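Peer 1: Have a look at the structure that comes next, please.
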Amino acid sequence: MVQQMVQQFGSMSVQNNWSSLWGQEGVNLLADRNIKTKTVDIVPGQDTRDCNRNVMRSTLQKVPETASLLQKSRLPFGLLIHPFCDYENIPIIQDRTIVRCRNCRTYLNPFVRLLDQRRWQCNICHRVNDLPDDFLVDPVTHKLINYPLDQPELSHATVEFVASVEYMVRPPQPAAYLFVFDCSAHAFHLGYLPVMADTIYSCLNSIPGDTRTMIGFIGFDSRIHFFNLGDKKPQHMIMPDIKDVFIPSPESLLVNLHSKRPVIEHFLYKTLKELFNHDGVSQPVAVDSGSAMGSALSAAYEVISSIGGRITVIQATLPSLGPDGSVLANREDPNNRASNSSNTAQLTPLLNPATDFYKKLALDCSEHHVAVDLFNLSPTFSDLATVGQVAKVSGGSVFYYGATGANMATNPGRVLARFSTDLVHYLCRNIGFEAVMRLRCTKGLSIHTFHGNFFVRSTDLISLPNCNPDNGYAMQISIDEDFKDFNSVCFQAAVLYTNPAGERRIRVHTLNLPIVSTLSDVINFADQEAITAMLCKMAVDRSMSSNISDAREAMINAILDLLSTYRNVAPYEASYGLTTSYSTRLLPLYISALLKHTAFRVGISTKIDERVYAMERLKSLPICHITTYIYPDLYPVHTEFNPFAGEYPKPVQLSFANVDRNGVYLLDTYECIYLYICKSVNHQWLSDVFGVTQWAKIPDDGDYYSDGGDPKVSKTSRYSTHHNLHNDSSNRLPATPTSVTPLPRLDNPTSMRLNAFIDYLMSSRPLMPHFFLLREDSRLRYSFLQYMYDDRSESAFSYYEFLQHLQSQLKG
Amino acid sequence: MGFTFAAFSYVFALILDAFLIFFAVFHVIAFDELKTDFKNPIDQCNTLNPLVLPEYIIHITFNVLFLFAGEWFTVLINIPLIAYHVYRYIHRPAGMSGPGLYDPTTIMNADQMSRATREGWFKLAYYLLSFFYYLYGMISSLIAV
Ligand SMILES: [Zn+2]
């Protein structure tokens with residue numbers, strides 16, 4: 001009887017009742033495993049006054065009125081911000097006074113109270129301010145505007161101001177780009193230098209900037225290679241003293257892109273490509289496998305610090321020479337990779353930097369408006385935890401190409417193609433220089449912790465030497481005072497930056513959230529994607545300060561807290577099975593996926609750099625991408641769909657039970673795309689997509705892993721060991737790029753449809769995912785199966801077992 | 001009446017404790033300045049970090065004197081703080097090249113800030129109370145002989 005009711009209730013709440021009741025109904029989690037695909041998200045409608053959900057989003061769509069209510073809800077409260085997100089239709093305001101509160105400097109926004117035609121009350125500090133005289137004057141026609149609410153500040157949650165001289169500490173800087181690249185024997189074998197040269201060459205016209213744009217190049221192996229671009233021809237200067245680098249003629253190392261264009265082009269298509277030519281043979285000048293990356297970075301900082309701008313560093317191996325602290329040793333013990341839950345404390349030091357050289361350098365850079373972006377191409381241990389600090393603290397980005405199965409040792413051609421495509425995006429993407437971001441929040445709220453790549457300069461100000469459209473940030477918020485007399489709170493993020501054209505701009509985003517007084521309102525309006533994104537950032541911090549087991553436990557406790565709180569809110573509903581509110585129904589699924597995520601998993605061999613990179617991604621991915629990164633999408637692509645009309649396949653949940661024997665599946669993990677082809681797939685489909693008639697003839701990526709029969713393997717796998725570099729290095733040729741996807745483009749509807757869908761997925765993200773083509777019997781089958789997060793694995797619960805575990809914990 | 005070694009160690013501790021009180025006051029002010037945005041975290045860490053070890057050393061120095069003077073009870077009430085100092089220094093941020101405890105990249109986190117502020121106030125109270133205790137100790141050891 002009870003059993004029946006539970007089932008009835010479960011299916012009822014999942015399928016029918018949610019829409020009529022606006023998601024206020026509880027959901028029995030045990031009723032349906034496919035909870036993600038069986039339910040629909042309620043996305044609130046948005047107009048221009050509402051902040052774009054991808055730009056600024058709160059974990060709680062309605063804010064509890066007291067700190068104790070927040071405490072009772074046991075949910076994390078914070079904001080996810082993607083302030084420089086590329087989207088169109090941002091109103092730009094210029095030639096008019098920038099209206100700000102005289103007390104707290106808040107910008108005029110749609111949520112202030114207009115007392116009359118001339119006065120407004122600040123919604124951050126509640127001061128009453130005057131509107132300036134020119135506010136109601138149209139800047140073009142010079143006529144009075146009748147209706148002030150039409151002004152963009154009062155009608156749009158996001159506006160951009162063209163700032164006046166008072167917003168400048170110094171004249172706006174020119175766009176300045178300095179490339180610091182590894183040119184050791186490692187770089188030669190990775191073969192990335194010609195690819196980089198070609199890519200930069202092809203992008204010279206589209207690099208953001210104006211007539212003042214500057215560019216420069218510094219190479220490093222065991223010495224520092226400077227390139228004087230000030231003369232008629234590029235001049236190659238080698239500095240052997242790496243402890244105390246002398247910089248020859250700094251002004252001709254970073255030169256104007258337009259006036260020195262011929263020299264720069266000559267450098268890119270000749271000097272750089274012939275760097276390894278020795279007596280007409282392409283090989284390293286000497287077998288120089290050293291890496292003085294630390295010295296090169298210090299030198300780069302010296303060169304660019306007087307201007308500010310961007311340093312792009314390309315790392316091919318672990319830094320082995322240079323000043324104290326910059327030289328790193330291999331700290332990873334491969335036998336410890338598959339740590340079980342009891343010894344994760346051993347991993348904690350590896351997640352933290354070994355030295356503070358790179359962090360200190362980043363702090364210096366940050367102070368001089370320089371950001372460092374790191375491209376890591378090394379297939380072996382390269383201490384991302386230490387070197388990555390240079391990007392994290394200076395507000396840069398980390399690009400890692402060493403993931404298992406997707407690195408330069410296993411598939412150099414495809415990785416180089418990815419690197420090249422990513423580099424195009426990177427070079428051409430929008431950029432802001434000498435930026436700071438301030439987050440103001442209504443009096444009574446304060447910022448508790450910051451997450452992302454930047455340096456926190458004061459309690460509400462972060463310094464971002466560069467801002468780019470790909471980085472996201474998060475702030476945990478604490479409630480210090482009660483909001484009994486208010487009905488909403490406000491957050492305003494303002495980014496002050498210099499655009500590539502040398503114009504000082506302020507981009508202002510304002511988010512207004514209503515205040516509620518009951519626990520059920522707080523929980524029913526929680527945002528599960530945002531909460532997951534916040535929880536995983538907190539878990540990363542926890543892993544670094546304590547250990548991964550603690551972080552895993554904290555995430556499980558967060559779910560247990562949520563479920564037990566819901567029992568108090570809706571005791572009647574919660575008495576059946578395992579119930580949570582509709583708005584948080586996917587949290588257990590996401591957390592169970594996070595426990596198996598590269599960042600937090602235990603019991604599965606995981607390279608430490610890969611783990612560190614996964615943690616970095618969780619910290620800095622914007623909200624629009626992080627959900628796919630946490631819980632990948634699995635699309636059945638053997639079905640009918642029409643991407644040309646915007647109709648894409650519907651993802652299924654990550655369980656092998658959802659994989660048909662005659663199906664083809666595309667798994668999108670954000671970092672990788674897997675095309676998984678089952679054995680009984682339709683023959684017509686095979687010939688349409690691959691032009692082959694036999695399933696076994698599909699070019700599986702796992703075939704590269706065969707036992708040495710394939711010459712490609714014997715050539716490439718040797719790159720993975722350092723020692724071999726000294727032996728017969730001249731015999732091996734560097735890798736050359738192939739293409740990002742191995743899928744042929746054939747002239748039939750099935751192939752075009754699939755390729756269009758893949759193109760759509762790839763274009764929806766800034767960086768190229770690594771493409772894997774796998775047959776059901778592939779040697780790399782496991783790498784696909786590890787993402788079947790809903791299923792049980794050797795070391796972890798299935799989703800359903802996880803739910804049962806939660807239920808037993810709640811009863812106990 | 002004579003000037004015993006115990007009396008000497010109390011006099012010495014009194015003077016050094018005055019320095020420690022000064023350190024604690026400075027610490028509290030420094031974190032207050034950070035909270036109210038008066039100072040840049042890099043500068044503040046650069047001023048605070050060199051003071052950490054001297055404070056610990058001063059504290060340990062007069063406790064060594066107490067130990068030699070056989071003032072067991074005084075040593076006993078100071079041991080928890082010494083232990084805390086050792087614990088705190090062992091668990092300082094990873095990879096720091098210079099001496100000290102504070103990392104400008106994490107110092108602005110509310111958890112760290114409130115911990116440091118609480119630590120400052122607690123130490124101030126502790127050093128103040130011990131000041132009066134050492135005063136009492138000095139007088140009683142001077143009178144006792
Ligand atoms: Zn105000």
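Ligands are numbered from 1 in the order shown, residues from 1 within each chain, and chains are lettered A, B, ... in the order they appear in the structure tokens.
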For chain B, report every residue with an atom at most 6 Å from chain A (counting only C-alpha atoms), formatted as a PDB file with C-alpha atoms, in the first residue's frame.
Peer 2:
```pdb
ATOM      1  CA  ASP B  37      40.642  48.620   2.450  1.00  0.00           C
ATOM      2  CA  GLY B  95      55.898  26.782  -1.035  1.00  0.00           C
ATOM      3  CA  MET B  96      56.607  30.098   0.727  1.00  0.00           C
ATOM      4  CA  ASN B 109      39.421  35.258   2.184  1.00  0.00           C
ATOM      5  CA  ALA B 110      36.961  35.974   4.957  1.00  0.00           C
TER       6      ALA B 110
END
```
Peer 1: Could the residues that lie within 12 Å of ligand 1, counting only C-alpha atoms and all ligand atoms, be listed as a ChimeraX atom specification?
Peer 2: /A:99-109,112-113,120-130,440-443,490-492
Peer 1: Which neighbours of range 589-603 of chain A fall inside 6 Å, counting only C-alpha atoms, when residues of the same chain fewer than 6 positions from it are skipped, and could you give them as a count of residues only?
Peer 2: 9
Peer 1: Give me, as a count of residues only, all polymer residues having an atom no more than 12 Å from Leu142 in chain B, counting only C-alpha atoms and skipping those fewer than 4 positions away in the same chain.
Peer 2: 16
Peer 1: Identify, on the basis of only C-alpha atoms, every residue whose closest approach to Cys45 in chain B does not exceed 12 Å; exclude the query and any residue fewer than 4 positions from it along the same chain; express the result as a list in words.
Peer 2: His27, Ala30, Phe31, Glu33, Leu34, Lys39, Asn40, Pro41, Asn49, Pro50, Leu51, Val52, Gly98, Pro99, Gly100, Leu101, Tyr102, Asp103, Pro104, Thr105, Thr106, Ile107 and Met108 of chain B
Peer 1: Would you export the selected residues with N, CA, C and O atoms as a PDB file, in the first residue's frame, please?
Peer 2:
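Result went into out-v1.pdb, see below:
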```
ATOM      1  N   HIS B  27      49.380  43.769  14.907  1.00  0.00           N
ATOM      2  CA  HIS B  27      48.711  42.709  14.152  1.00  0.00           C
ATOM      3  C   HIS B  27      47.215  43.022  13.992  1.00  0.00           C
ATOM      4  O   HIS B  27      46.664  42.968  12.895  1.00  0.00           O
ATOM      5  N   ALA B  30      46.743  45.938  11.722  1.00  0.00           N
ATOM      6  CA  ALA B  30      47.052  45.591  10.330  1.00  0.00           C
ATOM      7  C   ALA B  30      45.871  44.897   9.672  1.00  0.00           C
ATOM      8  O   ALA B  30      45.514  45.202   8.537  1.00  0.00           O
ATOM      9  N   PHE B  31      45.243  43.969  10.370  1.00  0.00           N
ATOM     10  CA  PHE B  31      44.123  43.265   9.757  1.00  0.00           C
ATOM     11  C   PHE B  31      42.883  44.131   9.664  1.00  0.00           C
ATOM     12  O   PHE B  31      42.079  43.975   8.755  1.00  0.00           O
ATOM     13  N   GLU B  33      43.066  47.268   9.009  1.00  0.00           N
ATOM     14  CA  GLU B  33      43.349  48.078   7.818  1.00  0.00           C
ATOM     15  C   GLU B  33      43.021  47.316   6.542  1.00  0.00           C
ATOM     16  O   GLU B  33      42.523  47.881   5.574  1.00  0.00           O
ATOM     17  N   LEU B  34      43.314  46.021   6.557  1.00  0.00           N
ATOM     18  CA  LEU B  34      42.995  45.198   5.379  1.00  0.00           C
ATOM     19  C   LEU B  34      41.487  45.145   5.167  1.00  0.00           C
ATOM     20  O   LEU B  34      41.000  45.236   4.052  1.00  0.00           O
ATOM     21  N   LYS B  39      44.887  49.291   3.171  1.00  0.00           N
ATOM     22  CA  LYS B  39      46.199  48.832   2.716  1.00  0.00           C
ATOM     23  C   LYS B  39      46.050  47.753   1.663  1.00  0.00           C
ATOM     24  O   LYS B  39      45.073  47.023   1.611  1.00  0.00           O
ATOM     25  N   ASN B  40      47.059  47.657   0.844  1.00  0.00           N
ATOM     26  CA  ASN B  40      47.154  46.625  -0.172  1.00  0.00           C
ATOM     27  C   ASN B  40      47.649  45.329   0.476  1.00  0.00           C
ATOM     28  O   ASN B  40      48.574  45.357   1.272  1.00  0.00           O
ATOM     29  N   PRO B  41      47.017  44.192   0.171  1.00  0.00           N
ATOM     30  CA  PRO B  41      47.420  42.942   0.828  1.00  0.00           C
ATOM     31  C   PRO B  41      48.886  42.578   0.624  1.00  0.00           C
ATOM     32  O   PRO B  41      49.504  41.984   1.524  1.00  0.00           O
ATOM     33  N   ASN B  49      54.870  39.574   7.621  1.00  0.00           N
ATOM     34  CA  ASN B  49      55.631  38.325   7.585  1.00  0.00           C
ATOM     35  C   ASN B  49      56.962  38.378   8.331  1.00  0.00           C
ATOM     36  O   ASN B  49      57.274  37.448   9.079  1.00  0.00           O
ATOM     37  N   PRO B  50      57.766  39.454   8.199  1.00  0.00           N
ATOM     38  CA  PRO B  50      59.047  39.458   8.919  1.00  0.00           C
ATOM     39  C   PRO B  50      58.873  39.512  10.435  1.00  0.00           C
ATOM     40  O   PRO B  50      59.829  39.266  11.173  1.00  0.00           O
ATOM     41  N   LEU B  51      57.687  39.847  10.925  1.00  0.00           N
ATOM     42  CA  LEU B  51      57.488  39.969  12.371  1.00  0.00           C
ATOM     43  C   LEU B  51      57.084  38.661  13.029  1.00  0.00           C
ATOM     44  O   LEU B  51      57.123  38.535  14.247  1.00  0.00           O
ATOM     45  N   VAL B  52      56.665  37.680  12.195  1.00  0.00           N
ATOM     46  CA  VAL B  52      56.126  36.454  12.775  1.00  0.00           C
ATOM     47  C   VAL B  52      57.185  35.697  13.581  1.00  0.00           C
ATOM     48  O   VAL B  52      56.993  35.430  14.772  1.00  0.00           O
ATOM     49  N   GLY B  98      60.028  32.972   1.657  1.00  0.00           N
ATOM     50  CA  GLY B  98      60.476  33.790   2.779  1.00  0.00           C
ATOM     51  C   GLY B  98      59.874  33.303   4.076  1.00  0.00           C
ATOM     52  O   GLY B  98      59.044  32.405   4.096  1.00  0.00           O
ATOM     53  N   PRO B  99      60.310  33.896   5.208  1.00  0.00           N
ATOM     54  CA  PRO B  99      59.683  33.544   6.477  1.00  0.00           C
ATOM     55  C   PRO B  99      58.287  34.154   6.578  1.00  0.00           C
ATOM     56  O   PRO B  99      57.950  35.042   5.803  1.00  0.00           O
ATOM     57  N   GLY B 100      57.520  33.678   7.527  1.00  0.00           N
ATOM     58  CA  GLY B 100      56.208  34.286   7.728  1.00  0.00           C
ATOM     59  C   GLY B 100      55.072  33.343   7.447  1.00  0.00           C
ATOM     60  O   GLY B 100      55.279  32.179   7.072  1.00  0.00           O
ATOM     61  N   LEU B 101      53.841  33.856   7.634  1.00  0.00           N
ATOM     62  CA  LEU B 101      52.644  33.018   7.578  1.00  0.00           C
ATOM     63  C   LEU B 101      51.659  33.468   6.525  1.00  0.00           C
ATOM     64  O   LEU B 101      50.776  32.725   6.149  1.00  0.00           O
ATOM     65  N   TYR B 102      51.780  34.701   6.073  1.00  0.00           N
ATOM     66  CA  TYR B 102      50.671  35.273   5.318  1.00  0.00           C
ATOM     67  C   TYR B 102      50.961  35.332   3.831  1.00  0.00           C
ATOM     68  O   TYR B 102      52.023  35.775   3.403  1.00  0.00           O
ATOM     69  N   ASP B 103      50.000  34.843   3.054  1.00  0.00           N
ATOM     70  CA  ASP B 103      50.120  34.796   1.610  1.00  0.00           C
ATOM     71  C   ASP B 103      49.140  35.821   1.025  1.00  0.00           C
ATOM     72  O   ASP B 103      47.941  35.704   1.243  1.00  0.00           O
ATOM     73  N   PRO B 104      49.659  36.824   0.310  1.00  0.00           N
ATOM     74  CA  PRO B 104      48.766  37.880  -0.168  1.00  0.00           C
ATOM     75  C   PRO B 104      47.649  37.389  -1.089  1.00  0.00           C
ATOM     76  O   PRO B 104      46.650  38.070  -1.254  1.00  0.00           O
ATOM     77  N   THR B 105      47.825  36.194  -1.684  1.00  0.00           N
ATOM     78  CA  THR B 105      46.780  35.747  -2.607  1.00  0.00           C
ATOM     79  C   THR B 105      45.610  35.100  -1.883  1.00  0.00           C
ATOM     80  O   THR B 105      44.550  34.919  -2.469  1.00  0.00           O
ATOM     81  N   THR B 106      45.806  34.715  -0.608  1.00  0.00           N
ATOM     82  CA  THR B 106      44.686  34.075   0.084  1.00  0.00           C
ATOM     83  C   THR B 106      44.246  34.849   1.317  1.00  0.00           C
ATOM     84  O   THR B 106      43.206  34.546   1.890  1.00  0.00           O
ATOM     85  N   ILE B 107      45.010  35.858   1.688  1.00  0.00           N
ATOM     86  CA  ILE B 107      44.750  36.571   2.937  1.00  0.00           C
ATOM     87  C   ILE B 107      43.375  37.248   2.953  1.00  0.00           C
ATOM     88  O   ILE B 107      42.783  37.440   4.000  1.00  0.00           O
ATOM     89  N   MET B 108      42.845  37.611   1.765  1.00  0.00           N
ATOM     90  CA  MET B 108      41.587  38.351   1.730  1.00  0.00           C
ATOM     91  C   MET B 108      40.357  37.456   1.888  1.00  0.00           C
ATOM     92  O   MET B 108      39.241  37.945   1.934  1.00  0.00           O
TER      93      MET B 108
END
```
Peer 1: Nearest to Ile29 in chain B among B:Leu48, B:Leu81, B:Leu129, B:Ala69, with distances taken over only C-alpha atoms: which residue is it?
Peer 2: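 The answer is B:Leu48, which sits nearest to Ile29 in chain B.
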Peer 1: If we count only C-alpha atoms and set the cut-off at 7 Å, which residues sit around range 245-255 of chain A, ignoring sequence neighbours fewer than 6 positions away in its own chain? Please answer as a ChimeraX atom specification.
Peer 2: /A:214-216,227-230,295,299,303
Peer 1: Can you spit out the residues from that selection as a CSV table (one decimal), in the first residue's frame, using C-alpha atoms?
Peer 2:
```
chain,number,residue,atom,x,y,z
A,214,MET,CA,52.9,46.0,-29.8
A,215,ILE,CA,54.3,42.5,-30.2
A,216,GLY,CA,57.4,40.7,-29.2
A,227,PHE,CA,64.8,38.6,-31.0
A,228,ASN,CA,65.6,42.1,-31.9
A,229,LEU,CA,62.8,43.3,-34.2
A,230,GLY,CA,63.8,46.9,-34.3
A,295,SER,CA,64.4,33.2,-16.3
A,299,ALA,CA,62.9,38.7,-18.6
A,303,VAL,CA,60.4,43.9,-21.1
```
Peer 1: Step one, run DSSP on the backbone; step two, keep only residues of range 308-337 of chain A assigned to strand (DSSP E or B); then write them as a PyMOL selection string.
Peer 2: chain A and resi 309-315
Peer 1: Quick check, in Å to one decimal: how far apart do CA of Ser382 in chain A and CA of Ser543 in chain A lie?
Peer 2: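 One can read the CA of Ser382 in chain A to CA of Ser543 in chain A distance as 20.0 Å.
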Peer 1: Give me the residues near Phe122 in chain B as a PyMOL selection string, where near means some atom within 12 Å (using only C-alpha atoms) and where sequence neighbours in that chain fewer than 6 positions away do not count.
Peer 2: chain B and resi 21+24-25+27-28+81+114-116+128-129
Peer 1: Separation of CA of Asn78 in chain B and CA of Ser97 in chain B, in Å?
Peer 2: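 Result for CA of Asn78 in chain B versus CA of Ser97 in chain B: 29.0 Å, one decimal.
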Peer 1: Please measure the separation of CA of Pro734 in chain A and CA of His189 in chain A, giving the value in Å to one decimal.
Peer 2: 4.5 Å
